[in-house]
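With mmCIF, C-alpha atoms and all ligand atoms inside, this is data.cif:
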data_my_file
loop_
_atom_site.label_atom_id
_atom_site.label_comp_id
_atom_site.auth_asym_id
_atom_site.auth_seq_id
_atom_site.Cartn_x
_atom_site.Cartn_y
_atom_site.Cartn_z
CA MET A 1 -19.30 45.94 32.15
CA SER A 2 -19.22 44.71 28.56
CA SER A 3 -21.04 41.66 27.25
CA THR A 4 -17.76 39.76 27.06
CA ASP A 5 -17.07 40.45 30.69
CA PRO A 6 -17.09 37.07 32.54
CA ARG A 7 -19.03 38.71 35.38
CA PHE A 8 -21.75 39.57 32.87
CA LYS A 9 -21.95 35.94 31.70
CA GLU A 10 -22.20 34.82 35.29
CA LYS A 11 -25.01 37.26 36.01
CA GLU A 12 -26.80 36.18 32.85
CA ALA A 13 -26.59 32.50 33.78
CA GLU A 14 -27.89 33.32 37.23
CA LEU A 15 -30.82 35.20 35.75
CA ILE A 16 -31.71 32.32 33.40
CA SER A 17 -31.59 29.86 36.23
CA LEU A 18 -33.77 32.13 38.36
CA LYS A 19 -36.30 32.48 35.57
CA LYS A 20 -36.41 28.69 35.18
CA LYS A 21 -36.96 28.32 38.87
CA VAL A 22 -39.84 30.79 38.90
CA ARG A 23 -41.45 29.09 35.94
CA ALA A 24 -41.12 25.68 37.55
CA GLN A 25 -42.63 26.96 40.79
CA LYS A 26 -45.53 28.40 38.82
CA GLU A 27 -46.14 25.12 37.02
CA LEU A 28 -46.13 23.33 40.31
CA SER A 29 -48.58 25.62 42.00
CA ASN A 30 -50.87 25.47 39.01
CA SER A 31 -51.10 21.74 39.13
CA ASP A 32 -50.60 19.01 41.61
CA THR A 33 -49.52 16.51 39.05
CA ASP A 34 -46.05 15.40 38.18
CA LEU A 35 -47.11 14.47 34.70
CA LEU A 36 -47.50 18.08 33.69
CA GLU A 37 -44.18 18.91 35.17
CA SER A 38 -42.42 16.09 33.39
CA ASP A 39 -43.24 17.77 30.09
CA ASN A 40 -40.98 20.63 31.02
CA ALA A 41 -37.26 20.09 31.08
CA VAL A 42 -36.85 21.36 34.60
CA ASP A 43 -34.09 19.97 36.72
CA PRO A 44 -35.85 18.71 39.85
CA GLN A 45 -32.75 19.59 41.87
CA LYS A 46 -33.51 23.26 41.36
CA ILE A 47 -37.02 23.09 42.75
CA GLU A 48 -37.16 23.49 46.46
CA LYS A 49 -40.67 22.15 46.92
CA LYS A 50 -40.63 18.42 46.32
CA THR A 51 -43.31 16.86 44.17
CA ARG A 52 -45.24 14.00 45.68
CA THR A 53 -43.40 11.53 43.49
CA GLU A 54 -40.05 12.85 44.69
CA GLU A 55 -41.26 12.60 48.23
CA LEU A 56 -42.23 8.97 47.60
CA ILE A 57 -38.83 8.29 46.04
CA GLY A 58 -37.18 9.73 49.16
CA ILE A 59 -39.23 7.43 51.39
CA LEU A 60 -38.45 4.38 49.27
CA GLU A 61 -34.74 5.28 49.31
CA LYS A 62 -34.77 5.29 53.08
CA ALA A 63 -36.47 1.87 53.13
CA GLN A 64 -33.85 0.38 50.82
CA GLY A 65 -33.23 -3.34 51.40
CA LYS A 66 -36.21 -3.71 53.75
CA ARG A 67 -39.27 -5.96 53.44
CA LEU A 68 -42.68 -4.54 52.60
CA LEU A 69 -46.11 -6.11 53.05
CA ILE A 70 -48.60 -4.63 50.58
CA CYS A 71 -52.08 -5.22 51.95
CA ILE A 72 -55.21 -5.35 49.84
CA LYS A 73 -58.08 -4.42 52.11
CA GLY A 74 -61.60 -5.62 51.36
CA TYR A 75 -62.45 -7.43 48.16
CA PRO A 76 -59.63 -7.38 45.64
CA ASP A 77 -60.69 -5.25 42.67
CA PRO A 78 -58.85 -4.02 39.56
CA ASP A 79 -57.85 -0.69 41.15
CA ASN A 80 -56.35 -2.13 44.33
CA ILE A 81 -54.77 -5.11 42.57
CA ALA A 82 -53.11 -2.91 39.91
CA THR A 83 -51.80 -0.34 42.36
CA SER A 84 -50.39 -3.04 44.65
CA LEU A 85 -48.60 -4.47 41.65
CA ALA A 86 -47.24 -1.05 40.68
CA LEU A 87 -46.03 -0.38 44.22
CA ALA A 88 -44.25 -3.76 44.37
CA TYR A 89 -42.48 -2.87 41.13
CA MET A 90 -41.54 0.62 42.35
CA ALA A 91 -40.27 -0.75 45.66
CA ALA A 92 -38.16 -3.33 43.82
CA GLN A 93 -36.28 -0.46 42.15
CA PHE A 94 -35.02 0.33 45.65
CA ASP A 95 -34.20 -3.23 46.58
CA ILE A 96 -37.30 -3.46 48.71
CA GLN A 97 -38.73 -6.94 48.64
CA SER A 98 -42.51 -7.01 48.83
CA THR A 99 -45.37 -9.43 49.21
CA ILE A 100 -48.91 -8.58 48.06
CA LEU A 101 -51.44 -10.01 50.48
CA HIS A 102 -55.22 -10.04 50.30
CA PHE A 103 -57.58 -11.14 53.05
CA GLU A 104 -60.89 -11.53 51.29
CA GLN A 105 -61.41 -14.05 48.53
CA ILE A 106 -61.26 -12.82 44.97
CA SER A 107 -64.94 -13.38 44.42
CA HIS A 108 -65.83 -11.70 41.17
CA HIS A 109 -65.05 -13.93 38.20
CA GLU A 110 -63.65 -10.97 36.27
CA ASN A 111 -61.13 -10.22 38.99
CA ARG A 112 -60.15 -13.86 39.17
CA ALA A 113 -59.59 -13.68 35.42
CA LEU A 114 -57.42 -10.57 35.89
CA VAL A 115 -55.16 -12.36 38.35
CA LYS A 116 -55.00 -15.48 36.22
CA LYS A 117 -54.50 -13.84 32.83
CA LEU A 118 -51.84 -11.50 34.14
CA ASP A 119 -50.31 -14.39 36.09
CA LEU A 120 -50.06 -12.15 39.14
CA ASP A 121 -48.12 -13.13 42.20
CA ILE A 122 -50.52 -12.23 45.01
CA GLU A 123 -51.19 -14.26 48.11
CA GLU A 124 -54.36 -14.95 50.02
CA TYR A 125 -53.94 -14.72 53.77
CA ASN A 126 -54.14 -17.89 55.84
CA ASP A 127 -53.20 -18.86 59.41
CA GLN A 128 -49.79 -20.08 58.31
CA PHE A 129 -48.80 -16.74 56.82
CA ASP A 130 -45.82 -15.33 58.70
CA TYR A 131 -45.98 -11.56 58.79
CA SER A 132 -43.49 -11.06 61.61
CA SER A 133 -40.53 -10.45 59.33
CA TYR A 134 -41.87 -7.37 57.53
CA ASP A 135 -40.36 -3.96 58.28
CA TYR A 136 -43.14 -1.97 56.67
CA PHE A 137 -46.63 -2.31 55.29
CA ALA A 138 -48.58 -0.38 52.66
CA VAL A 139 -52.25 0.18 51.84
CA ASN A 140 -53.70 1.40 48.56
CA ASP A 141 -57.20 2.35 47.52
CA SER A 142 -58.78 2.19 50.97
CA GLN A 143 -60.18 4.74 53.38
CA ASN A 144 -58.40 3.44 56.47
CA THR A 145 -55.52 1.30 57.61
CA GLU A 146 -57.30 -1.22 59.81
CA LEU A 147 -56.25 -4.74 58.93
CA PRO A 148 -57.75 -8.08 59.90
CA ILE A 149 -54.31 -9.05 61.24
CA LYS A 150 -52.28 -7.54 64.06
CA LEU A 151 -48.90 -6.55 62.66
CA PRO A 152 -45.99 -6.10 65.09
CA GLU A 153 -45.61 -2.58 66.52
CA THR A 154 -42.31 -2.21 64.69
CA CYS A 155 -43.98 -2.67 61.30
CA GLU A 156 -44.81 0.87 60.21
CA LEU A 157 -47.06 2.15 57.47
CA LEU A 158 -44.73 3.16 54.64
CA VAL A 159 -47.12 4.10 51.85
CA PHE A 160 -50.80 5.01 51.85
CA VAL A 161 -52.40 6.16 48.59
CA ASP A 162 -56.10 6.62 47.99
CA HIS A 163 -58.79 8.55 46.15
CA HIS A 164 -61.71 8.13 48.55
CA ARG A 165 -62.88 10.72 51.03
CA LYS A 166 -60.40 11.06 53.85
CA LEU A 167 -61.46 9.42 57.10
CA GLY A 168 -59.63 10.39 60.29
CA THR A 169 -55.89 10.75 60.64
CA ILE A 170 -53.53 8.34 59.01
CA LYS A 171 -49.92 8.11 60.14
CA SER A 172 -47.81 7.07 57.21
CA HIS A 173 -44.28 7.80 56.03
CA PHE A 174 -45.78 8.63 52.66
CA LEU A 175 -49.38 9.75 52.38
CA ASP A 176 -51.21 10.77 49.21
CA ILE A 177 -54.99 11.09 49.31
CA ARG A 178 -56.63 12.80 46.35
CA GLU A 179 -60.40 12.83 46.55
CA ASN A 180 -60.68 14.53 43.18
CA VAL A 181 -59.22 11.63 41.18
CA GLY A 182 -61.27 8.80 39.70
CA SER A 183 -58.84 5.98 40.49
CA THR A 184 -55.80 5.16 42.58
CA SER A 185 -54.35 3.62 39.42
CA ALA A 186 -54.14 7.11 37.87
CA ILE A 187 -52.11 8.37 40.84
CA TYR A 188 -49.68 5.48 40.38
CA GLY A 189 -49.54 6.27 36.67
CA GLU A 190 -48.31 9.70 37.68
CA TYR A 191 -45.59 8.26 39.95
CA LEU A 192 -44.38 5.92 37.22
CA ALA A 193 -43.81 8.86 34.88
CA ASN A 194 -40.78 9.75 37.00
CA PRO A 195 -37.61 8.48 35.27
CA ARG A 196 -36.26 7.15 38.57
CA PHE A 197 -38.62 4.16 38.18
CA GLY A 198 -37.24 3.30 34.76
CA PHE A 199 -40.78 2.62 33.57
CA THR A 200 -40.39 2.47 29.82
CA GLY A 201 -42.61 -0.49 28.99
CA ASP A 202 -39.61 -2.50 27.81
CA THR A 203 -40.21 -5.57 29.88
CA LEU A 204 -43.11 -7.98 30.08
CA GLU A 205 -43.55 -7.03 33.74
CA GLN A 206 -43.90 -3.34 32.90
CA ALA A 207 -46.41 -4.05 30.14
CA LYS A 208 -48.42 -6.11 32.62
CA ILE A 209 -48.39 -3.29 35.18
CA ALA A 210 -49.42 -0.71 32.58
CA THR A 211 -52.24 -2.99 31.43
CA ALA A 212 -53.45 -3.65 34.97
CA LEU A 213 -53.36 0.08 35.82
CA MET A 214 -55.25 0.98 32.67
CA HIS A 215 -57.87 -1.61 33.57
CA GLY A 216 -57.98 -0.09 37.08
CA VAL A 217 -58.57 3.41 35.70
CA ARG A 218 -61.27 2.13 33.37
CA THR A 219 -63.22 0.14 35.92
CA ASP A 220 -63.08 2.79 38.64
CA THR A 221 -64.17 5.59 36.30
CA ASP A 222 -66.98 3.54 34.75
CA ASN A 223 -65.11 3.35 31.47
CA PHE A 224 -64.02 7.02 31.63
CA VAL A 225 -67.54 8.35 32.15
CA ASN A 226 -66.44 9.64 35.57
CA ALA A 227 -62.80 10.20 34.67
CA THR A 228 -60.96 13.31 35.85
CA PRO A 229 -58.05 15.07 34.09
CA LEU A 230 -55.50 12.97 36.00
CA ASP A 231 -57.22 9.73 34.93
CA TYR A 232 -56.86 10.84 31.31
CA LYS A 233 -53.29 12.05 31.77
CA ALA A 234 -52.21 8.82 33.42
CA SER A 235 -53.95 6.82 30.69
CA GLU A 236 -52.04 8.76 28.08
CA LEU A 237 -48.77 7.53 29.57
CA LEU A 238 -50.02 4.00 30.29
CA SER A 239 -51.46 3.62 26.79
CA ARG A 240 -47.91 3.63 25.38
CA TYR A 241 -47.06 0.42 27.25
CA VAL A 242 -50.39 -1.36 27.45
CA ASP A 243 -50.63 -4.86 26.00
CA LYS A 244 -53.80 -4.37 23.95
CA ASP A 245 -54.59 -8.06 23.56
CA LEU A 246 -54.23 -8.60 27.27
CA LEU A 247 -56.36 -5.54 28.04
CA ALA A 248 -59.09 -6.80 25.71
CA LEU A 249 -58.92 -10.20 27.39
CA ILE A 250 -59.25 -8.91 30.95
CA SER A 251 -61.79 -6.19 30.25
CA ARG A 252 -64.11 -8.34 28.23
CA GLN A 253 -67.12 -8.99 30.39
CA SER A 254 -67.32 -12.67 31.01
CA ILE A 255 -70.67 -14.29 31.65
CA PRO A 256 -71.04 -17.22 34.05
CA ALA A 257 -71.82 -20.50 32.29
CA LYS A 258 -75.24 -20.78 33.92
CA THR A 259 -76.26 -17.34 32.71
CA MET A 260 -74.99 -18.19 29.26
CA ASP A 261 -77.17 -21.34 29.18
CA LEU A 262 -80.16 -19.35 30.36
CA THR A 263 -79.50 -16.71 27.69
CA GLN A 264 -79.45 -19.41 25.04
CA ILE A 265 -82.84 -20.69 26.21
CA ALA A 266 -84.21 -17.13 26.35
CA LEU A 267 -83.06 -16.51 22.78
CA GLN A 268 -84.66 -19.74 21.55
CA ARG A 269 -87.97 -18.86 23.19
CA LYS A 270 -87.98 -15.16 22.42
CA ASP A 271 -91.24 -13.53 21.46
CA ILE A 272 -90.76 -10.20 19.71
CA ARG A 273 -93.66 -7.76 19.60
CA GLY A 274 -92.68 -4.45 18.10
CA THR A 275 -89.88 -3.08 20.25
CA PHE A 276 -90.67 -5.55 23.06
CA MET A 277 -89.01 -8.88 23.61
CA PHE A 278 -90.58 -11.36 26.00
CA SER A 279 -89.04 -14.65 26.94
CA GLY A 280 -90.23 -17.34 29.31
CA VAL A 281 -87.27 -19.55 30.18
CA GLY A 282 -89.13 -22.24 32.11
CA TYR A 283 -87.82 -23.71 35.35
CA VAL A 284 -84.76 -22.10 36.93
CA ARG A 285 -82.90 -23.28 40.02
CA ASP A 286 -82.96 -21.01 43.07
CA GLU A 287 -79.22 -20.26 42.90
CA ASP A 288 -79.48 -19.22 39.24
CA ARG A 289 -82.14 -16.58 39.85
CA ASP A 290 -79.68 -13.71 39.16
CA GLY A 291 -79.16 -15.15 35.70
CA ILE A 292 -82.66 -13.99 34.69
CA GLY A 293 -81.73 -10.31 35.15
CA GLN A 294 -78.29 -10.72 33.59
CA CYS A 295 -79.82 -12.47 30.63
CA ALA A 296 -82.39 -9.64 30.21
CA ASP A 297 -79.47 -7.15 30.32
CA TYR A 298 -77.79 -9.02 27.48
CA LEU A 299 -80.90 -9.36 25.31
CA LEU A 300 -81.50 -5.60 25.52
CA ASN A 301 -78.44 -5.18 23.26
CA ARG A 302 -80.42 -6.55 20.35
CA GLU A 303 -81.01 -4.01 17.64
CA GLY A 304 -84.57 -2.72 17.43
CA ILE A 305 -85.45 -3.86 20.94
CA ASP A 306 -86.33 -1.26 23.57
CA THR A 307 -87.71 -3.39 26.36
CA VAL A 308 -86.98 -6.95 27.44
CA VAL A 309 -88.85 -9.07 29.96
CA VAL A 310 -87.41 -12.46 30.91
CA TYR A 311 -89.26 -14.67 33.37
CA GLY A 312 -89.18 -18.19 34.71
CA VAL A 313 -90.27 -20.36 37.60
CA VAL A 314 -87.63 -20.11 40.30
CA GLY A 315 -87.21 -22.88 42.84
CA GLY A 316 -90.60 -24.28 41.86
CA GLU A 317 -92.33 -21.66 44.00
CA PHE A 318 -92.39 -18.29 42.25
CA VAL A 319 -92.68 -16.85 38.81
CA ASP A 320 -89.74 -14.51 38.84
CA GLY A 321 -89.14 -11.94 36.14
CA SER A 322 -86.85 -9.08 35.18
CA LEU A 323 -87.58 -6.13 32.97
CA ARG A 324 -84.93 -4.05 31.25
CA THR A 325 -85.62 -1.04 29.09
CA LYS A 326 -83.85 1.71 27.20
CA SER A 327 -87.12 3.38 26.29
CA HIS A 328 -87.47 7.03 27.32
CA THR A 329 -91.20 6.72 27.78
CA LEU A 330 -91.68 3.39 29.53
CA ASP A 331 -91.61 3.58 33.33
CA PRO A 332 -90.69 0.08 34.57
CA ASP A 333 -92.29 0.64 37.97
CA LYS A 334 -95.63 1.71 36.53
CA TRP A 335 -95.52 -0.88 33.75
CA ILE A 336 -95.03 -3.82 36.10
CA LYS A 337 -97.60 -2.54 38.59
CA ASP A 338 -100.11 -2.05 35.78
CA VAL A 339 -99.53 -5.54 34.40
CA PHE A 340 -99.64 -7.59 37.59
CA GLY A 341 -101.48 -5.40 40.07
CA GLN A 342 -101.57 -6.24 43.77
CA ASP A 343 -102.18 -9.29 45.90
CA GLN A 344 -105.09 -9.53 48.36
CA HIS A 345 -103.07 -7.56 50.95
CA GLY A 346 -102.60 -4.64 48.57
CA VAL A 347 -98.94 -5.45 47.97
CA TYR A 348 -97.74 -5.09 44.39
CA TYR A 349 -96.17 -8.15 42.74
CA GLY A 350 -93.29 -6.05 41.55
CA GLY A 351 -91.87 -2.66 40.75
CA GLY A 352 -88.84 -0.93 39.41
CA ARG A 353 -86.83 2.18 38.86
CA LYS A 354 -85.34 4.17 35.99
CA ASP A 355 -84.43 1.42 33.54
CA LYS A 356 -85.14 -1.85 35.27
CA GLY A 357 -87.76 -3.69 37.23
CA GLY A 358 -88.75 -7.08 38.52
CA PHE A 359 -91.69 -9.12 39.73
CA GLN A 360 -92.33 -12.18 41.81
CA ILE A 361 -95.60 -14.04 41.79
CA PRO A 362 -96.08 -16.95 44.21
CA LEU A 363 -97.44 -20.09 42.60
CA GLY A 364 -99.10 -21.14 45.83
CA VAL A 365 -100.79 -24.48 45.66
CA PHE A 366 -100.23 -24.66 41.87
CA GLY A 367 -96.56 -25.19 42.61
CA LYS A 368 -97.53 -28.72 43.67
CA CYS A 369 -98.82 -29.59 40.20
CA SER A 370 -97.26 -32.93 39.17
CA ASP A 371 -97.29 -32.12 35.45
CA LYS A 372 -94.57 -29.50 35.24
CA GLU A 373 -94.86 -29.17 31.51
CA LEU A 374 -98.55 -28.44 31.66
CA LEU A 375 -98.10 -26.04 34.55
CA TRP A 376 -95.50 -24.11 32.57
CA ILE A 377 -97.81 -23.84 29.54
CA LEU A 378 -100.49 -22.42 31.82
CA ILE A 379 -98.10 -19.94 33.45
CA LYS A 380 -96.68 -18.81 30.13
CA LYS A 381 -100.11 -18.34 28.57
CA THR A 382 -101.33 -16.29 31.54
CA ILE A 383 -98.29 -14.03 31.69
CA ASP A 384 -98.02 -13.53 27.95
CA GLU A 385 -101.68 -12.52 27.79
CA LEU A 386 -101.10 -9.94 30.51
CA PHE A 387 -98.16 -8.53 28.54
CA TYR A 388 -100.07 -8.46 25.25
CA ASN A 389 -103.00 -6.76 26.94
CA LYS A 390 -100.71 -4.12 28.35
CA ILE A 391 -99.05 -3.30 25.04
CA GLY A 392 -102.28 -3.61 23.11
CA ILE A 393 -101.59 -6.66 20.99
CA ASP A 394 -104.04 -9.40 20.08
CA ASP A 395 -102.42 -12.66 21.18
CA SER A 396 -103.83 -14.58 18.23
CA GLU A 397 -100.99 -13.09 16.16
CA SER A 398 -98.16 -15.48 15.46
CA SER A 399 -95.45 -15.28 18.08
CA GLY A 400 -91.81 -14.47 17.49
CA ASP A 401 -89.49 -16.60 15.44
MN MN B 501 -60.35 2.82 43.58
#

As structure tokens - that is how I would like this structure written.
Ligand SMILES: [Mn+2]
Amino acid sequence: MSSTDPRFKEKEAELISLKKKVRAQKELSNSDTDLLESDNAVDPQKIEKKTRTEELIGILEKAQGKRLLICIKGYPDPDNIATSLALAYMAAQFDIQSTILHFEQISHHENRALVKKLDLDIEEYNDQFDYSSYDYFAVNDSQNTELPIKLPETCELLVFVDHHRKLGTIKSHFLDIRENVGSTSAIYGEYLANPRFGFTGDTLEQAKIATALMHGVRTDTDNFVNATPLDYKASELLSRYVDKDLLALISRQSIPAKTMDLTQIALQRKDIRGTFMFSGVGYVRDEDRDGIGQCADYLLNREGIDTVVVYGVVGGEFVDGSLRTKSHTLDPDKWIKDVFGQDQHGVYYGGGRKDKGGFQIPLGVFGKCSDKELLWILIKKTIDELFYNKIGIDDSESSGD
């Protein structure tokens, strides 16, 4: 048979198609990600084994026109908020109408900011919420499917996607659990790479989703420190559509007003001795106690400072302090125990671990002193002397600035 023979051409075409198929199969078995595959111009029709994204598309197709309840279990965080948002968008491409519902309050101020800045449409559950009309429900970024509400028997689990260790059996139309991925957001980034979702970053909504997912990847991987290849791959795609200003806005660590005020006081009263910074902030209300540690965290960013100790009188009863250090030689536990020692029962006034520590000294009867100003001067003098003794500095030197 000559090369012009039509049968030859046919055979040749068959061979090429077979080769393509083999290559595609290889790519698939080498990797479990669709992102890799999308780089190769392989017609998905020719692959017998469906990718997870295709499987998900199939499930969504079957649920066309139905109503979906996307449940956020536990405290809403960037990863579960972003993936719920992405799923709602993906479902909408199949005419599936969804509601995102959370049961716990959005407690962390940063997550409240995320919802507000992105103007997200998510609902908090209350007694009036009518969940009887939903055909399906979905759960992302959670180890199990138990909900605080009892959905009707007919409402089946449509989608379950997670990256935590698998717990028990989960019955879902679509199930994707990948323990080796840093975030659920990355898995959704992979789904969105499929052209069927038309995710091209063209609309405001898509930019919002990309931004939220990127924030989800970042927070769950501790800013990429614990990121896996899929987290990076998904970020590569998402980065094309991210709204950078918005991302900066939502990822900027915001500090509660009280902590900010305390930090201002700590800065005004700072006492720098070599690489140490001490600051006595005076009287602090009970509920603002956490601000002392957060303020010490912040002050440690100052150039030339290795160790920060911030202390104050909390609730009028204790001298409460926090130590933060980036020194390789200072052991917070030993340092604090050396400085303050033990009480009459042999219990240390404080301790610590790797890079932080704290102490609490009861004022006892001195707490009843009517002259608060005088009492503070006394406390500050005593504590500062202990610190100076420890680091070997004569306290007659001028203090700070
Ligand atoms: Mn997560």

(request) With all atoms listed in the file counted, which protein, DNA or RNA residues have an atom no more than 12 Å from (-31.4, 0.9, 50.5) in the file frame? Please answer as number ranges by chain. (result) A: 57-67, 91-97

Mind dumping a table of every chain A residue within 12 Å of ligand MN 501 (chain B), with the nearest atom pair and its distance in Å to one decimal, using only C-alpha atoms and all ligand atoms, sorted by chain and rising number, as JSON lines?
{"residue": "A:Ile72", "atom": "CA", "partner": "B:MN501", "partner_atom": "MN", "distance": 11.5}
{"residue": "A:Lys73", "atom": "CA", "partner": "B:MN501", "partner_atom": "MN", "distance": 11.4}
{"residue": "A:Gly74", "atom": "CA", "partner": "B:MN501", "partner_atom": "MN", "distance": 11.5}
{"residue": "A:Tyr75", "atom": "CA", "partner": "B:MN501", "partner_atom": "MN", "distance": 11.4}
{"residue": "A:Pro76", "atom": "CA", "partner": "B:MN501", "partner_atom": "MN", "distance": 10.4}
{"residue": "A:Asp77", "atom": "CA", "partner": "B:MN501", "partner_atom": "MN", "distance": 8.1}
{"residue": "A:Pro78", "atom": "CA", "partner": "B:MN501", "partner_atom": "MN", "distance": 8.1}
{"residue": "A:Asp79", "atom": "CA", "partner": "B:MN501", "partner_atom": "MN", "distance": 4.9}
{"residue": "A:Asn80", "atom": "CA", "partner": "B:MN501", "partner_atom": "MN", "distance": 6.4}
{"residue": "A:Ile81", "atom": "CA", "partner": "B:MN501", "partner_atom": "MN", "distance": 9.7}
{"residue": "A:Ala82", "atom": "CA", "partner": "B:MN501", "partner_atom": "MN", "distance": 9.9}
{"residue": "A:Thr83", "atom": "CA", "partner": "B:MN501", "partner_atom": "MN", "distance": 9.2}
{"residue": "A:Ser84", "atom": "CA", "partner": "B:MN501", "partner_atom": "MN", "distance": 11.6}
{"residue": "A:Val139", "atom": "CA", "partner": "B:MN501", "partner_atom": "MN", "distance": 11.9}
{"residue": "A:Asn140", "atom": "CA", "partner": "B:MN501", "partner_atom": "MN", "distance": 8.4}
{"residue": "A:Asp141", "atom": "CA", "partner": "B:MN501", "partner_atom": "MN", "distance": 5.1}
{"residue": "A:Ser142", "atom": "CA", "partner": "B:MN501", "partner_atom": "MN", "distance": 7.6}
{"residue": "A:Gln143", "atom": "CA", "partner": "B:MN501", "partner_atom": "MN", "distance": 10.0}
{"residue": "A:Val161", "atom": "CA", "partner": "B:MN501", "partner_atom": "MN", "distance": 10.0}
{"residue": "A:Asp162", "atom": "CA", "partner": "B:MN501", "partner_atom": "MN", "distance": 7.2}
{"residue": "A:His163", "atom": "CA", "partner": "B:MN501", "partner_atom": "MN", "distance": 6.5}
{"residue": "A:His164", "atom": "CA", "partner": "B:MN501", "partner_atom": "MN", "distance": 7.4}
{"residue": "A:Arg165", "atom": "CA", "partner": "B:MN501", "partner_atom": "MN", "distance": 11.1}
{"residue": "A:Ile177", "atom": "CA", "partner": "B:MN501", "partner_atom": "MN", "distance": 11.4}
{"residue": "A:Arg178", "atom": "CA", "partner": "B:MN501", "partner_atom": "MN", "distance": 11.0}
{"residue": "A:Glu179", "atom": "CA", "partner": "B:MN501", "partner_atom": "MN", "distance": 10.4}
{"residue": "A:Asn180", "atom": "CA", "partner": "B:MN501", "partner_atom": "MN", "distance": 11.7}
{"residue": "A:Val181", "atom": "CA", "partner": "B:MN501", "partner_atom": "MN", "distance": 9.2}
{"residue": "A:Gly182", "atom": "CA", "partner": "B:MN501", "partner_atom": "MN", "distance": 7.2}
{"residue": "A:Ser183", "atom": "CA", "partner": "B:MN501", "partner_atom": "MN", "distance": 4.7}
{"residue": "A:Thr184", "atom": "CA", "partner": "B:MN501", "partner_atom": "MN", "distance": 5.2}
{"residue": "A:Ser185", "atom": "CA", "partner": "B:MN501", "partner_atom": "MN", "distance": 7.3}
{"residue": "A:Ala186", "atom": "CA", "partner": "B:MN501", "partner_atom": "MN", "distance": 9.5}
{"residue": "A:Ile187", "atom": "CA", "partner": "B:MN501", "partner_atom": "MN", "distance": 10.3}
{"residue": "A:Tyr188", "atom": "CA", "partner": "B:MN501", "partner_atom": "MN", "distance": 11.5}
{"residue": "A:Leu213", "atom": "CA", "partner": "B:MN501", "partner_atom": "MN", "distance": 10.8}
{"residue": "A:His215", "atom": "CA", "partner": "B:MN501", "partner_atom": "MN", "distance": 11.2}
{"residue": "A:Gly216", "atom": "CA", "partner": "B:MN501", "partner_atom": "MN", "distance": 7.5}
{"residue": "A:Val217", "atom": "CA", "partner": "B:MN501", "partner_atom": "MN", "distance": 8.1}
{"residue": "A:Arg218", "atom": "CA", "partner": "B:MN501", "partner_atom": "MN", "distance": 10.3}
{"residue": "A:Thr219", "atom": "CA", "partner": "B:MN501", "partner_atom": "MN", "distance": 8.6}
{"residue": "A:Asp220", "atom": "CA", "partner": "B:MN501", "partner_atom": "MN", "distance": 5.6}
{"residue": "A:Thr221", "atom": "CA", "partner": "B:MN501", "partner_atom": "MN", "distance": 8.7}
{"residue": "A:Asp222", "atom": "CA", "partner": "B:MN501", "partner_atom": "MN", "distance": 11.1}
{"residue": "A:Ala227", "atom": "CA", "partner": "B:MN501", "partner_atom": "MN", "distance": 11.8}
{"residue": "A:Asp231", "atom": "CA", "partner": "B:MN501", "partner_atom": "MN", "distance": 11.5}

(request) Name the closest residue to Glu236 in chain A among the candidates A:Ile209, A:Ala193, A:Ala257, A:Ala248; distances are taken between atoms, counting all atoms listed in the file. (result)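 Counting all atoms listed in the file, the residue closest to Glu236 in chain A is A:Ala193.
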
Where is the centre and how long are the edges: axis-aligned box on range 191-204 of chain A, 8 Å on each side, Å to one decimal, as lines of an AutoDock Vina configuration file:
center_x = -40.9
center_y = 0.9
center_z = 33.9
size_x = 25.3
size_y = 33.7
size_z = 28.1

(request) Could you jot down the CA of Ser370 in chain A to CA of Asp288 in chain A separation for me, Å, one decimal place? (result)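 Calculated distance between CA of Ser370 in chain A and CA of Asp288 in chain A is 22.5 Å.
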
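Counting only C-alpha atoms, the residue from A:Leu249, A:Ile393, A:Val314, A:Val309 that sits nearest to Lys117 in chain A is A:Leu249.
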
(message) If we draw a sphere of 12 Å around (-54.1, -17.4, 58.2), which residues have at least one atom in it when counting all atoms listed in the file? Please report them as a list in words.
(response) Leu101, His102, Phe103, Glu104, Glu123, Glu124, Tyr125, Asn126, Asp127, Gln128, Phe129, Asp130, Tyr131, Pro148, Ile149 and Lys150 of chain A

Could you turn the residues from that selection into a file that holds C-alpha atoms, as a JSON list (two decimals), keeping the file's coordinate frame?
[["chain", "number", "residue", "atom", "x", "y", "z"],
["A", 101, "LEU", "CA", -51.44, -10.01, 50.48],
["A", 102, "HIS", "CA", -55.22, -10.04, 50.30],
["A", 103, "PHE", "CA", -57.58, -11.14, 53.05],
["A", 104, "GLU", "CA", -60.89, -11.53, 51.29],
["A", 123, "GLU", "CA", -51.19, -14.26, 48.11],
["A", 124, "GLU", "CA", -54.36, -14.95, 50.02],
["A", 125, "TYR", "CA", -53.94, -14.72, 53.77],
["A", 126, "ASN", "CA", -54.14, -17.89, 55.84],
["A", 127, "ASP", "CA", -53.20, -18.86, 59.41],
["A", 128, "GLN", "CA", -49.79, -20.08, 58.31],
["A", 129, "PHE", "CA", -48.80, -16.74, 56.82],
["A", 130, "ASP", "CA", -45.82, -15.33, 58.70],
["A", 131, "TYR", "CA", -45.98, -11.56, 58.79],
["A", 148, "PRO", "CA", -57.75, -8.08, 59.90],
["A", 149, "ILE", "CA", -54.31, -9.05, 61.24],
["A", 150, "LYS", "CA", -52.28, -7.54, 64.06]]

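With all atoms listed in the file as the atoms that count, the residue of A:Leu15, A:Val242, A:Leu167, A:Val281 with the shortest distance to Gln268 in chain A is A:Val281.
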
(request) Kindly indicate which residue among A:Phe359, A:Phe340, A:Lys49, A:Tyr311 lies nearest to Lys380 in chain A, using only C-alpha atoms for the distances. (result) A:Tyr311
